[in-house]
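Novice: Supplied structure: query.txt, compact mmCIF, C-alpha atoms.
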```txt
# COMPACT_ATOMS: atom_id res chain seq x y z
CA MET X 1 -10.17 -7.76 5.35
CA ALA X 2 -13.39 -5.69 5.28
CA PRO X 3 -15.78 -3.55 7.33
CA GLY X 4 -17.70 -5.45 9.97
CA VAL X 5 -15.17 -8.14 10.94
CA GLY X 6 -14.79 -6.69 14.45
CA LYS X 7 -11.67 -4.46 14.37
CA THR X 8 -13.11 -1.64 16.47
CA TYR X 9 -14.68 -4.08 18.93
CA ARG X 10 -11.34 -5.86 19.36
CA MET X 11 -9.50 -2.55 19.81
CA LEU X 12 -11.91 -1.61 22.61
CA GLN X 13 -11.46 -5.03 24.21
CA GLU X 14 -7.68 -4.56 24.17
CA GLY X 15 -8.12 -1.07 25.65
CA ASP X 16 -10.32 -2.44 28.44
CA ALA X 17 -7.70 -5.08 29.24
CA GLU X 18 -4.95 -2.44 29.41
CA ALA X 19 -7.09 -0.25 31.69
CA GLU X 20 -7.76 -3.22 34.00
CA ASN X 21 -3.99 -3.69 34.23
CA GLY X 22 -3.66 -0.15 35.56
CA ARG X 23 -2.80 1.84 32.43
CA ASP X 24 -4.32 5.27 31.75
CA VAL X 25 -6.45 4.65 28.63
CA VAL X 26 -8.67 7.05 26.69
CA VAL X 27 -10.61 6.84 23.42
CA GLY X 28 -9.35 9.54 21.07
CA TYR X 29 -11.80 8.71 18.30
CA LEU X 30 -14.44 6.00 18.01
CA GLU X 31 -16.54 5.23 14.93
CA SER X 32 -19.26 2.83 16.07
CA HIS X 33 -21.37 3.04 12.88
CA GLY X 34 -24.34 2.72 15.20
CA ARG X 35 -23.45 -0.86 16.16
CA ALA X 36 -24.94 -1.56 19.59
CA GLU X 37 -22.28 -4.13 20.53
CA THR X 38 -19.49 -1.67 19.78
CA VAL X 39 -21.14 1.13 21.76
CA ALA X 40 -21.64 -1.24 24.73
CA GLN X 41 -17.99 -2.34 24.61
CA ALA X 42 -16.86 1.30 24.85
CA GLU X 43 -18.72 1.88 28.10
CA GLY X 44 -16.38 2.48 31.03
CA LEU X 45 -13.60 3.99 28.90
CA GLU X 46 -12.96 7.73 28.98
CA VAL X 47 -13.73 9.37 25.64
CA VAL X 48 -12.10 12.63 24.50
CA PRO X 49 -14.97 14.71 23.00
CA ARG X 50 -14.80 15.31 19.27
CA ARG X 51 -14.48 18.81 17.85
CA SER X 52 -16.83 20.28 15.27
CA VAL X 53 -15.43 21.58 11.97
CA VAL X 54 -17.60 23.42 9.44
CA TYR X 55 -16.70 22.68 5.81
CA ARG X 56 -18.68 24.33 3.01
CA GLY X 57 -21.50 25.00 5.40
CA THR X 58 -21.67 21.42 6.67
CA PRO X 59 -20.71 20.66 10.29
CA LEU X 60 -18.33 17.70 10.58
CA GLU X 61 -16.84 15.97 13.62
CA GLU X 62 -13.15 15.11 13.86
CA MET X 63 -10.76 13.88 16.52
CA ASP X 64 -9.64 16.73 18.79
CA LEU X 65 -5.88 16.29 18.46
CA PRO X 66 -4.90 19.19 20.78
CA ALA X 67 -7.24 17.82 23.46
CA VAL X 68 -5.71 14.35 23.18
CA LEU X 69 -2.19 15.78 23.49
CA ALA X 70 -3.24 17.93 26.45
CA ARG X 71 -4.87 14.95 28.20
CA LYS X 72 -1.66 12.91 27.62
CA PRO X 73 -2.86 9.39 28.51
CA GLU X 74 -0.58 6.37 28.43
CA LEU X 75 -2.64 4.74 25.68
CA CYS X 76 -5.03 6.29 23.16
CA LEU X 77 -7.51 4.32 21.01
CA ILE X 78 -7.90 5.97 17.60
CA ASP X 79 -10.28 4.32 15.13
CA GLU X 80 -10.08 4.36 11.30
CA LEU X 81 -6.42 5.08 10.59
CA ALA X 82 -6.97 5.82 6.86
CA HIS X 83 -9.59 8.53 7.46
CA THR X 84 -9.22 11.85 5.62
CA ASN X 85 -9.76 14.82 7.94
CA ALA X 86 -11.92 17.79 7.11
CA PRO X 87 -9.97 20.84 5.89
CA GLY X 88 -9.03 23.24 8.66
CA VAL X 89 -7.51 20.83 11.19
CA GLU X 90 -3.80 20.17 11.83
CA HIS X 91 -3.31 17.38 9.29
CA GLU X 92 -4.94 16.07 6.13
CA LYS X 93 -4.92 12.41 7.25
CA ARG X 94 -5.57 10.70 10.57
CA TYR X 95 -2.37 8.66 10.37
CA GLU X 96 -0.54 12.01 10.55
CA ASP X 97 -2.49 12.81 13.74
CA VAL X 98 -1.37 9.44 15.11
CA ARG X 99 2.27 10.32 14.41
CA ASP X 100 1.89 13.46 16.54
CA VAL X 101 0.33 11.39 19.33
CA LEU X 102 3.19 8.88 19.21
CA GLU X 103 5.80 11.64 19.19
CA ALA X 104 4.19 12.96 22.39
CA GLY X 105 5.03 9.65 24.08
CA ILE X 106 1.48 8.24 23.93
CA ASP X 107 0.93 4.66 22.77
CA VAL X 108 -1.77 4.11 20.12
CA PHE X 109 -4.08 1.27 19.14
CA SER X 110 -5.73 1.86 15.76
CA THR X 111 -7.68 0.02 13.05
CA VAL X 112 -7.37 -0.28 9.27
CA ASN X 113 -8.62 -2.52 6.45
CA VAL X 114 -6.16 -4.20 4.08
CA GLN X 115 -7.65 -2.37 1.07
CA HIS X 116 -6.41 0.94 2.52
CA LEU X 117 -2.73 0.04 1.97
CA GLU X 118 -1.41 2.16 -0.89
CA SER X 119 0.66 -0.61 -2.52
CA LEU X 120 -2.45 -2.84 -2.72
CA ASN X 121 -4.70 -0.22 -4.30
CA ASP X 122 -4.61 -1.65 -7.83
CA GLN X 123 -4.80 -5.24 -6.65
CA VAL X 124 -7.88 -4.59 -4.51
CA THR X 125 -9.58 -2.70 -7.34
CA GLN X 126 -8.91 -5.65 -9.64
CA LEU X 127 -10.24 -8.17 -7.09
CA THR X 128 -13.38 -6.32 -6.03
CA GLY X 129 -14.16 -3.79 -8.74
CA SER X 130 -14.30 -1.10 -6.02
CA ILE X 131 -11.84 1.80 -5.96
CA THR X 132 -10.45 2.66 -2.52
CA ARG X 133 -9.77 6.38 -2.42
CA GLU X 134 -8.51 6.67 1.17
CA THR X 135 -5.10 5.02 1.55
CA ILE X 136 -2.15 5.06 3.94
CA PRO X 137 1.54 4.57 3.16
CA ASP X 138 2.57 0.98 3.83
CA GLU X 139 5.33 2.43 6.01
CA VAL X 140 2.67 3.41 8.58
CA LEU X 141 1.72 -0.25 9.03
CA SER X 142 5.34 -1.42 9.06
CA MET X 143 6.11 1.06 11.89
CA ALA X 144 3.61 -0.69 14.18
CA ASP X 145 5.15 -2.69 17.02
CA GLU X 146 2.40 -5.28 16.67
CA VAL X 147 -0.14 -6.12 13.98
CA VAL X 148 -3.23 -8.11 14.97
CA LEU X 149 -5.26 -9.69 12.18
CA ILE X 150 -8.99 -9.85 12.92
CA ASP X 151 -9.98 -12.83 10.81
CA LEU X 152 -13.47 -13.98 9.90
CA THR X 153 -14.73 -16.32 7.19
CA PRO X 154 -16.67 -14.66 4.35
CA GLU X 155 -19.72 -16.75 5.27
CA ALA X 156 -19.62 -15.53 8.89
CA LEU X 157 -19.23 -11.91 7.81
CA ILE X 158 -22.18 -12.16 5.42
CA ALA X 159 -24.25 -13.69 8.24
CA ARG X 160 -23.32 -10.70 10.44
CA LEU X 161 -24.32 -8.35 7.62
CA LYS X 162 -27.72 -10.01 7.14
CA ALA X 163 -28.31 -9.89 10.90
CA GLY X 164 -27.92 -6.11 10.85
CA LYS X 165 -24.64 -6.10 12.79
CA VAL X 166 -22.65 -4.25 10.11
CA TYR X 167 -24.95 -1.77 8.35
CA ARG X 168 -28.47 -0.48 8.83
CA PRO X 169 -31.17 -2.69 7.24
CA GLU X 170 -31.73 -0.37 4.25
CA ARG X 171 -28.05 -0.71 3.23
CA VAL X 172 -27.75 -4.50 3.54
CA GLN X 173 -29.03 -5.58 0.12
CA ALA X 174 -26.92 -3.03 -1.76
CA ALA X 175 -23.84 -4.19 0.17
CA LEU X 176 -24.57 -7.84 -0.68
CA ASN X 177 -24.91 -6.97 -4.36
CA ASN X 178 -21.64 -5.05 -4.49
CA PHE X 179 -18.66 -5.16 -2.11
CA PHE X 180 -19.90 -7.99 0.14
CA LYS X 181 -19.96 -10.72 -2.50
CA ILE X 182 -18.46 -13.92 -1.15
CA GLU X 183 -15.79 -14.05 -3.89
CA ASN X 184 -14.70 -10.47 -3.03
CA LEU X 185 -14.47 -11.24 0.67
CA ALA X 186 -12.55 -14.48 0.04
CA ALA X 187 -10.01 -12.60 -2.10
CA LEU X 188 -9.66 -9.83 0.49
CA ARG X 189 -9.23 -12.38 3.26
CA GLU X 190 -6.41 -14.08 1.35
CA THR X 191 -4.82 -10.68 0.69
CA ALA X 192 -4.97 -9.80 4.40
CA LEU X 193 -3.46 -13.14 5.43
CA ARG X 194 -0.63 -12.75 2.93
CA GLN X 195 0.03 -9.16 4.03
CA VAL X 196 0.35 -10.13 7.69
CA ALA X 197 2.59 -13.09 6.82
CA GLU X 198 4.89 -10.81 4.82
CA ASP X 199 4.88 -8.27 7.65
CA VAL X 200 6.01 -10.96 10.08
CA GLU X 201 8.90 -11.94 7.78
CA VAL X 202 10.02 -8.34 7.18
CA LYS X 203 10.07 -7.67 10.93
CA ARG X 204 12.45 -10.60 11.39
CA LEU X 205 15.02 -8.34 9.71
CA VAL X 206 16.53 -5.98 12.27
CA ARG X 207 17.64 -2.75 10.56
CA VAL X 208 19.39 0.14 12.26
CA PRO X 209 18.14 3.47 10.81
CA GLY X 210 20.74 4.85 8.44
CA ALA X 211 22.70 1.58 8.38
CA ASP X 212 24.46 0.39 5.23
CA ARG X 213 21.89 -1.74 3.38
CA SER X 214 24.69 -3.65 1.65
CA VAL X 215 25.41 -5.29 5.00
CA PRO X 216 22.98 -8.19 5.57
CA ALA X 217 20.56 -7.53 8.43
CA PRO X 218 20.69 -9.96 11.38
CA ARG X 219 17.65 -12.20 11.81
CA ARG X 220 15.63 -12.93 14.91
CA ASP X 221 14.76 -16.29 16.39
CA GLU X 222 11.33 -17.32 17.64
CA GLU X 223 11.84 -15.32 20.84
CA GLY X 224 12.81 -12.15 18.98
CA LEU X 225 16.52 -12.39 19.80
CA PRO X 226 19.17 -11.84 17.09
CA THR X 227 20.53 -15.11 15.71
CA LYS X 228 24.20 -15.78 14.98
CA PRO X 229 25.27 -14.92 11.42
CA GLU X 230 25.50 -17.88 9.09
CA ALA X 231 28.91 -18.96 7.90
CA GLY X 232 29.84 -18.53 4.26
CA PRO X 233 29.28 -15.73 1.74
CA GLN X 234 26.34 -13.38 2.31
CA ALA X 235 23.92 -12.22 -0.38
CA ILE X 236 24.48 -8.80 -1.92
CA ALA X 237 21.74 -6.25 -1.18
CA GLU X 238 19.17 -5.93 -3.93
CA ARG X 239 18.15 -2.66 -5.59
CA LEU X 240 15.18 -2.33 -7.92
CA LEU X 241 14.62 0.11 -10.77
CA ALA X 242 11.06 0.48 -12.13
CA LEU X 243 10.49 2.10 -15.53
CA ALA X 244 7.36 4.25 -15.56
CA LYS X 245 5.61 6.18 -18.29
CA LEU X 246 3.36 9.20 -17.92
CA GLU X 247 0.34 6.96 -18.36
CA PRO X 248 -2.30 5.81 -15.83
CA HIS X 249 -1.12 2.17 -15.74
CA SER X 250 2.35 3.19 -14.56
CA GLU X 251 1.11 3.68 -11.00
CA ARG X 252 0.24 -0.04 -10.97
CA VAL X 253 3.79 -0.86 -12.12
CA VAL X 254 5.25 1.27 -9.30
CA ARG X 255 3.05 -0.37 -6.66
CA ARG X 256 3.94 -3.87 -7.83
CA ALA X 257 7.62 -2.95 -7.92
CA TRP X 258 7.42 -1.59 -4.38
CA ARG X 259 5.90 -4.80 -3.06
CA SER X 260 8.67 -6.77 -4.78
CA ALA X 261 11.21 -4.46 -3.14
CA GLN X 262 9.64 -5.08 0.26
CA ARG X 263 9.88 -8.85 -0.16
CA LEU X 264 13.54 -8.53 -1.15
CA ASP X 265 14.32 -5.97 1.59
CA ALA X 266 15.52 -3.73 -1.24
CA GLU X 267 15.49 -0.07 -2.19
CA LEU X 268 13.29 1.07 -5.08
CA ASP X 269 14.09 3.68 -7.72
CA VAL X 270 11.54 4.82 -10.30
CA LEU X 271 12.62 6.23 -13.67
CA VAL X 272 10.54 8.41 -15.99
CA VAL X 273 12.13 9.32 -19.34
CA ARG X 274 10.70 12.42 -21.00
CA PRO X 275 11.31 13.35 -24.67
CA ALA X 276 14.31 15.66 -24.92
CA GLY X 277 13.56 19.32 -25.59
CA ARG X 278 9.78 18.90 -25.53
CA PRO X 279 7.86 20.83 -22.82
CA PRO X 280 5.44 18.62 -20.88
CA SER X 281 1.72 18.87 -21.63
CA GLU X 282 -0.83 19.61 -18.92
CA ASP X 283 -1.69 15.88 -18.75
CA ASP X 284 2.00 15.00 -18.45
CA ARG X 285 2.44 17.44 -15.56
CA LYS X 286 -0.57 16.01 -13.73
CA ARG X 287 0.60 12.41 -14.18
CA LEU X 288 4.15 13.27 -13.14
CA GLU X 289 2.82 14.93 -9.99
CA ALA X 290 0.69 11.84 -9.29
CA LEU X 291 3.81 9.67 -9.62
CA ARG X 292 5.72 12.02 -7.29
CA ARG X 293 2.99 11.70 -4.66
CA LEU X 294 2.90 7.93 -5.01
CA CYS X 295 6.70 7.58 -4.74
CA ALA X 296 6.74 9.87 -1.71
CA MET X 297 4.00 7.81 -0.06
CA LEU X 298 5.81 4.52 -0.72
CA GLY X 299 9.30 5.80 0.07
CA ALA X 300 10.67 5.25 -3.46
CA ARG X 301 13.10 7.58 -5.25
CA LEU X 302 11.78 9.19 -8.45
CA HIS X 303 14.27 10.01 -11.23
CA VAL X 304 13.06 12.15 -14.15
CA GLU X 305 15.44 12.14 -17.11
CA GLU X 306 15.27 13.55 -20.64
CA GLY X 307 16.22 11.48 -23.66
CA ASP X 308 14.94 9.98 -26.87
CA ASP X 309 16.34 6.51 -26.16
CA VAL X 310 14.60 5.03 -23.11
CA ALA X 311 16.75 1.90 -23.08
CA ALA X 312 20.03 3.89 -23.10
CA VAL X 313 18.85 6.14 -20.26
CA ALA X 314 17.62 3.17 -18.21
CA ILE X 315 20.85 1.23 -18.74
CA ARG X 316 22.98 4.21 -17.72
CA LEU X 317 20.94 4.87 -14.57
CA ALA X 318 20.76 1.18 -13.59
CA ARG X 319 24.55 0.92 -13.84
CA SER X 320 25.13 4.09 -11.81
CA LEU X 321 22.71 2.98 -9.07
CA GLY X 322 23.89 -0.64 -8.99
CA SER X 323 20.38 -1.94 -9.73
CA THR X 324 19.96 -5.71 -9.56
CA TYR X 325 16.41 -5.80 -10.93
CA VAL X 326 14.71 -3.73 -13.63
CA LEU X 327 10.91 -3.84 -13.82
CA LEU X 328 8.73 -2.48 -16.60
CA GLY X 329 5.17 -2.69 -17.82
CA THR X 330 4.06 -4.89 -20.71
CA PRO X 331 5.37 -3.38 -23.98
CA SER X 332 2.51 -2.06 -26.11
CA LEU X 333 1.86 -3.58 -29.51
CA PRO X 334 -0.44 -1.31 -31.57
CA LYS X 335 -2.38 -3.73 -33.79
CA GLY X 336 -3.08 -1.36 -36.65
CA LEU X 337 0.56 -0.35 -37.08
CA ARG X 338 2.30 -3.59 -36.12
CA ARG X 339 2.72 -4.82 -39.69
CA PHE X 340 4.61 -1.60 -40.52
CA GLY X 341 7.04 -2.22 -37.67
CA SER X 342 6.22 1.01 -35.80
CA SER X 343 6.13 -0.82 -32.47
CA ALA X 344 9.58 -2.31 -32.89
CA SER X 345 11.25 0.17 -30.53
CA ASP X 346 8.81 -0.60 -27.72
CA ARG X 347 9.12 -4.35 -28.33
CA ALA X 348 12.91 -4.13 -28.37
CA LEU X 349 13.17 -2.48 -24.95
CA PRO X 350 13.30 -5.70 -22.85
CA MET X 351 15.87 -7.26 -25.21
CA ARG X 352 18.04 -4.14 -25.16
CA LEU X 353 17.91 -4.10 -21.37
CA LEU X 354 18.98 -7.76 -21.30
CA ARG X 355 21.91 -7.01 -23.60
CA GLY X 356 22.94 -3.80 -21.85
CA LEU X 357 22.58 -5.05 -18.27
CA PRO X 358 24.12 -8.52 -18.08
CA GLY X 359 23.60 -10.09 -14.68
CA VAL X 360 20.56 -7.89 -13.94
CA ASP X 361 17.11 -9.50 -13.71
CA ILE X 362 14.55 -8.00 -16.07
CA ARG X 363 10.92 -8.43 -15.07
CA ILE X 364 7.87 -7.50 -17.13
CA ILE X 365 4.84 -6.67 -14.96
CA ALA X 366 1.73 -7.90 -16.71
CA ASP X 367 -1.70 -6.31 -16.46
CA PRO X 368 -3.83 -8.79 -14.43
CA ALA X 369 -6.95 -7.45 -16.18
CA LEU X 370 -5.75 -9.22 -19.35
CA ARG X 371 -5.54 -12.69 -17.78
CA GLY X 372 -7.56 -15.24 -19.66
CA GLU X 373 -7.59 -13.26 -22.91
CA PRO X 374 -6.18 -15.11 -25.93
CA GLY X 375 -2.77 -13.82 -26.95
CA GLU X 376 -1.28 -13.64 -30.42
CA GLN X 377 1.41 -16.16 -31.29
CA GLU X 378 4.26 -14.23 -32.85
CA PRO X 379 7.67 -15.68 -33.76
CA LEU X 380 10.69 -14.29 -31.98
CA GLU X 381 13.07 -12.26 -34.07
CA ALA X 382 16.17 -14.09 -35.23
CA GLY X 383 18.47 -12.93 -32.46
CA ASP X 384 15.92 -12.89 -29.66
CA ALA X 385 15.78 -16.59 -28.81
CA GLY X 386 19.45 -16.72 -27.93
CA GLU X 387 19.27 -13.55 -25.85
CA ALA X 388 16.20 -14.73 -23.94
CA GLU X 389 17.92 -17.95 -22.93
```
Turn the structure described in the file into structure tokens.

Specialist:
Amino acid sequence: MAPGVGKTYRMLQEGDAEAENGRDVVVGYLESHGRAETVAQAEGLEVVPRRSVVYRGTPLEEMDLPAVLARKPELCLIDELAHTNAPGVEHEKRYEDVRDVLEAGIDVFSTVNVQHLESLNDQVTQLTGSITRETIPDEVLSMADEVVLIDLTPEALIARLKAGKVYRPERVQAALNNFFKIENLAALRETALRQVAEDVEVKRLVRVPGADRSVPAPRRDEEGLPTKPEAGPQAIAERLLALAKLEPHSERVVRRAWRSAQRLDAELDVLVVRPAGRPPSEDDRKRLEALRRLCAMLGARLHVEEGDDVAAVAIRLARSLGSTYVLLGTPSLPKGLRRFGSSASDRALPMRLLRGLPGVDIRIIADPALRGEPGEQEPLEAGDAGEAE
């Protein structure tokens, strides 16, 4: 859930246990943060020396990926999975280094905090007020054969912090005043517990790569063995379509939609509708590229269409894809222009989707930052009440 709970220490313990059982174990990268207990736990394990990389005149130390591959142990311990490498090495991110190690037939134990999962980026920022800039695709975590949650109560973690077991003394007070507030840690702990619970459920679904997702996946029993299929009709596979705009909040909509898709074992498509015949501005290009990167990281499909009628484009695409859910952000209601009816098109979008996509669930993703704010009571338009029922 946070730095200091004991992830690295536990990884080293697991590595020691594997070595005692006769496996060839090395430490590919260890970040002890100067913690004496962690350094002591690493004693007795072979450590692959780091390599020095000079970036803008500053020497930096990174994992020596070629040396790890050349050493070819049975098991490699690689700390801090979400780390961003210095420019000049093989890959930008450490999780990409880990993929190379795995492809070489070497098992890996690694560590990561829940706030580093890309799909939780907005949620963690909302909970803690801190922006996490280093993230990993959720797929990296889902590929793991086993996920071990290192759990600790917020009170115990704060006690460790005050005792100097997490950061150096000069950093303790600043940490207590910012990230390490008890309400932040409690929220992160709940997030971590929920994430692991969802991971357990998803892994009960046995998928064959490239298999038809319309065929229900067999489930496993408590011992991991496939269970017999249930009699009776099976559920149709779900497919989600998220509507995104070239605005900053759309990344939050995509992340929330992806997490919904994961819970439903569904595919996710993302639609951006650009005005027809109008070249994109520099800001539009940057935001579209940010959406492309996010969709690539999450494994979603991005569709960019031109048109002046967003609802018509969304309805056409949803029908062609066989979408069963459509998700969109909260329609904007400009206060100054509302009485002139200029926001009617935006307000009408959910109702038009309901009319044009019968049998498809329409979900509006609210902005959690607005919770608790008083809303305006506005009457539904004459035909809306019947449609909403």

Novice: Find the spatial neighbours of Met297 (chain X), counting all atoms listed in the file, within a cut-off of 9 Å - ignore same-chain residues fewer than 6 positions away - and output them as a PyMOL selection string.

Specialist: chain X and resi 118+136-139

Novice: Write out as a PyMOL selection string the residues lying within 10 Å of region 48-60 of chain X, counting all atoms listed in the file and excluding same-chain residues fewer than 6 positions away.

Specialist: chain X and resi 26-30+67-68+71+76+85-89

Novice: If I wrap all listed atoms of region 32-35 of chain X in a box with edges along x, y and z and add 6 Å on each side, what are its centre and edge lengths in Å to one decimal, as JSON?

Specialist:
```
{"center_x": -21.8, "center_y": 1.1, "center_z": 14.5, "size_x": 17.1, "size_y": 15.9, "size_z": 15.3}
```

Novice: Which one of X:Arg189, X:Lys165, X:Arg99, X:Arg171 sits closest to Ser32 (chain X) if you count all atoms listed in the file?

Specialist: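 Of X:Arg189, X:Lys165, X:Arg99, X:Arg171, the one nearest Ser32 (chain X) is X:Lys165, counting all atoms listed in the file.
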
Novice: Near Asp79 (chain X), within 10 Å and counting only C-alpha atoms, which residues show up once chain neighbours fewer than 5 positions away are dropped, as an MDAnalysis selection string?

Specialist: chainID X and resid 7:8 11:12 27:32 63 94 108:112

Novice: Record the distance separating CA of Val25 (chain X) and CA of Leu77 (chain X), expressed in Å with one decimal.

Specialist: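 Pair CA of Val25 (chain X) / CA of Leu77 (chain X) returns 7.7 Å.
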
Novice: Work out how far CA of Ala144 (chain X) is from CA of Leu65 (chain X), in Å to one decimal.

Specialist: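 CA of Ala144 (chain X) lies at a distance of 19.9 Å from CA of Leu65 (chain X).
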
Novice: Around the point (10.7, -7.8, -13.5), in the coordinates given by the file, pick out the residues reaching within 6 Å, counting all atoms listed in the file, and return them as a list in words.

Specialist: Val326, Leu327, Ile362, Arg363 and Ile364 of chain X

Novice: With distances taken over all atoms listed in the file, which residue among X:Val147, X:Ala36, X:Ala261, X:Leu176 lies nearest Glu238 (chain X)?

Specialist: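 Comparing X:Val147, X:Ala36, X:Ala261, X:Leu176 against Glu238 (chain X), the winner is X:Ala261.
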
Novice: List every protein, DNA or RNA residue with an atom no more than 12 Å from (-3.6, -12.0, 1.9) in the file's coordinates, counting all atoms listed in the file, and format the result as a list in words.

Specialist: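 Result, sorted by chain then residue number: Met1, Asn113, Val114, Gln115, Leu120, Gln123, Val124, Leu127, Leu149, Asp151, Leu185, Ala186, Ala187, Leu188, Arg189, Glu190, Thr191, Ala192, Leu193, Arg194, Gln195, Val196, Ala197, Glu198 and Asp199 of chain X.
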
Novice: Save out the residues we just selected, C-alpha atoms, as a short mmCIF file (atom, residue, chain, number, x, y, z; two decimals), in the coordinates of the input.

Specialist:
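Done, and the output landed in out07.cif:
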```
data_model
loop_
_atom_site.label_atom_id
_atom_site.label_comp_id
_atom_site.auth_asym_id
_atom_site.auth_seq_id
_atom_site.Cartn_x
_atom_site.Cartn_y
_atom_site.Cartn_z
CA MET X 1 -10.17 -7.76 5.35
CA ASN X 113 -8.62 -2.52 6.45
CA VAL X 114 -6.16 -4.20 4.08
CA GLN X 115 -7.65 -2.37 1.07
CA LEU X 120 -2.45 -2.84 -2.72
CA GLN X 123 -4.80 -5.24 -6.65
CA VAL X 124 -7.88 -4.59 -4.51
CA LEU X 127 -10.24 -8.17 -7.09
CA LEU X 149 -5.26 -9.69 12.18
CA ASP X 151 -9.98 -12.83 10.81
CA LEU X 185 -14.47 -11.24 0.67
CA ALA X 186 -12.55 -14.48 0.04
CA ALA X 187 -10.01 -12.60 -2.10
CA LEU X 188 -9.66 -9.83 0.49
CA ARG X 189 -9.23 -12.38 3.26
CA GLU X 190 -6.41 -14.08 1.35
CA THR X 191 -4.82 -10.68 0.69
CA ALA X 192 -4.97 -9.80 4.40
CA LEU X 193 -3.46 -13.14 5.43
CA ARG X 194 -0.63 -12.75 2.93
CA GLN X 195 0.03 -9.16 4.03
CA VAL X 196 0.35 -10.13 7.69
CA ALA X 197 2.59 -13.09 6.82
CA GLU X 198 4.89 -10.81 4.82
CA ASP X 199 4.88 -8.27 7.65
#
```

Novice: So which residues touch region 281-296 of chain X within 9 Å, counting all atoms listed in the file, skipping near sequence neighbours fewer than 4 positions away, as a list in words?

Specialist: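 My reading of the contact set: Glu118, Pro137, Ala244, Lys245, Leu246, Glu247, Pro248, Ser250, Glu251, Val254, Arg255, Asp269, Val270, Val272, Ala300, Arg301 and Leu302 of chain X.
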
Novice: With C-alpha atoms kept, could you save the residues just selected as an mmCIF file, in the frame of the given file?

Specialist:
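Final output, saved to part-v7.cif:
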```cif
data_model
loop_
_atom_site.group_PDB
_atom_site.id
_atom_site.type_symbol
_atom_site.label_atom_id
_atom_site.label_comp_id
_atom_site.auth_asym_id
_atom_site.auth_seq_id
_atom_site.Cartn_x
_atom_site.Cartn_y
_atom_site.Cartn_z
ATOM 1 C CA GLU X 118 -1.410 2.160 -0.890
ATOM 2 C CA PRO X 137 1.540 4.570 3.160
ATOM 3 C CA ALA X 244 7.360 4.250 -15.560
ATOM 4 C CA LYS X 245 5.610 6.180 -18.290
ATOM 5 C CA LEU X 246 3.360 9.200 -17.920
ATOM 6 C CA GLU X 247 0.340 6.960 -18.360
ATOM 7 C CA PRO X 248 -2.300 5.810 -15.830
ATOM 8 C CA SER X 250 2.350 3.190 -14.560
ATOM 9 C CA GLU X 251 1.110 3.680 -11.000
ATOM 10 C CA VAL X 254 5.250 1.270 -9.300
ATOM 11 C CA ARG X 255 3.050 -0.370 -6.660
ATOM 12 C CA ASP X 269 14.090 3.680 -7.720
ATOM 13 C CA VAL X 270 11.540 4.820 -10.300
ATOM 14 C CA VAL X 272 10.540 8.410 -15.990
ATOM 15 C CA ALA X 300 10.670 5.250 -3.460
ATOM 16 C CA ARG X 301 13.100 7.580 -5.250
ATOM 17 C CA LEU X 302 11.780 9.190 -8.450
#
```

Novice: Of the candidates X:Val200, X:Leu117, X:Leu240, X:Leu45, which one gets nearest to Glu20 (chain X) if we count only C-alpha atoms?

Specialist: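 The shortest atom-to-atom distance to Glu20 (chain X) comes from X:Leu45.
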
Novice: Between CA of Arg256 (chain X) and CA of His116 (chain X), what is the distance, to one decimal in Å?

Specialist: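 If I compute the distance from CA of Arg256 (chain X) to CA of His116 (chain X), I get 15.4 Å.
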
Novice: Let me make sure I understand: among X:Leu268, X:Gly22, X:Glu96, X:Ala311, which one has the smallest atom-to-atom distance to Thr84 (chain X) if we use only C-alpha atoms?

Specialist: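 The shortest atom-to-atom distance to Thr84 (chain X) comes from X:Glu96.
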
Novice: With distances taken over only C-alpha atoms, which residue among X:Val101, X:Leu349, X:Val148, X:Glu37 lies nearest Glu14 (chain X)?

Specialist: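 Result for the nearest residue to Glu14 (chain X): X:Val148.
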
Novice: Of the candidates X:Pro169, X:Ser119, X:Arg10, X:Pro275, which one gets nearest to Gln262 (chain X) if we count all atoms listed in the file?

Specialist: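 Selected residue with least distance to Gln262 (chain X): X:Ser119.
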
Novice: Atoms are missing here; could region 241-247 of chain X be completed with N, CA and C atoms and written as a PDB file, in the coordinates of the input?

Specialist:
```
ATOM      1  N   LEU X 241      14.896  -1.067  -9.952  1.00  0.00           N
ATOM      2  CA  LEU X 241      14.620   0.110 -10.770  1.00  0.00           C
ATOM      3  C   LEU X 241      13.356  -0.181 -11.582  1.00  0.00           C
ATOM      4  N   ALA X 242      12.310   0.631 -11.393  1.00  0.00           N
ATOM      5  CA  ALA X 242      11.060   0.480 -12.130  1.00  0.00           C
ATOM      6  C   ALA X 242      10.977   1.561 -13.201  1.00  0.00           C
ATOM      7  N   LEU X 243      10.640   1.150 -14.427  1.00  0.00           N
ATOM      8  CA  LEU X 243      10.490   2.100 -15.530  1.00  0.00           C
ATOM      9  C   LEU X 243       9.019   2.486 -15.635  1.00  0.00           C
ATOM     10  N   ALA X 244       8.740   3.770 -15.519  1.00  0.00           N
ATOM     11  CA  ALA X 244       7.360   4.250 -15.560  1.00  0.00           C
ATOM     12  C   ALA X 244       7.182   5.226 -16.712  1.00  0.00           C
ATOM     13  N   LYS X 245       5.989   5.211 -17.264  1.00  0.00           N
ATOM     14  CA  LYS X 245       5.610   6.180 -18.290  1.00  0.00           C
ATOM     15  C   LYS X 245       4.604   7.145 -17.688  1.00  0.00           C
ATOM     16  N   LEU X 246       4.376   8.255 -18.371  1.00  0.00           N
ATOM     17  CA  LEU X 246       3.360   9.200 -17.920  1.00  0.00           C
ATOM     18  C   LEU X 246       1.998   8.755 -18.430  1.00  0.00           C
ATOM     19  N   GLU X 247       1.617   7.573 -17.984  1.00  0.00           N
ATOM     20  CA  GLU X 247       0.340   6.960 -18.360  1.00  0.00           C
ATOM     21  C   GLU X 247      -0.286   6.383 -17.100  1.00  0.00           C
TER      22      GLU X 247
END
```
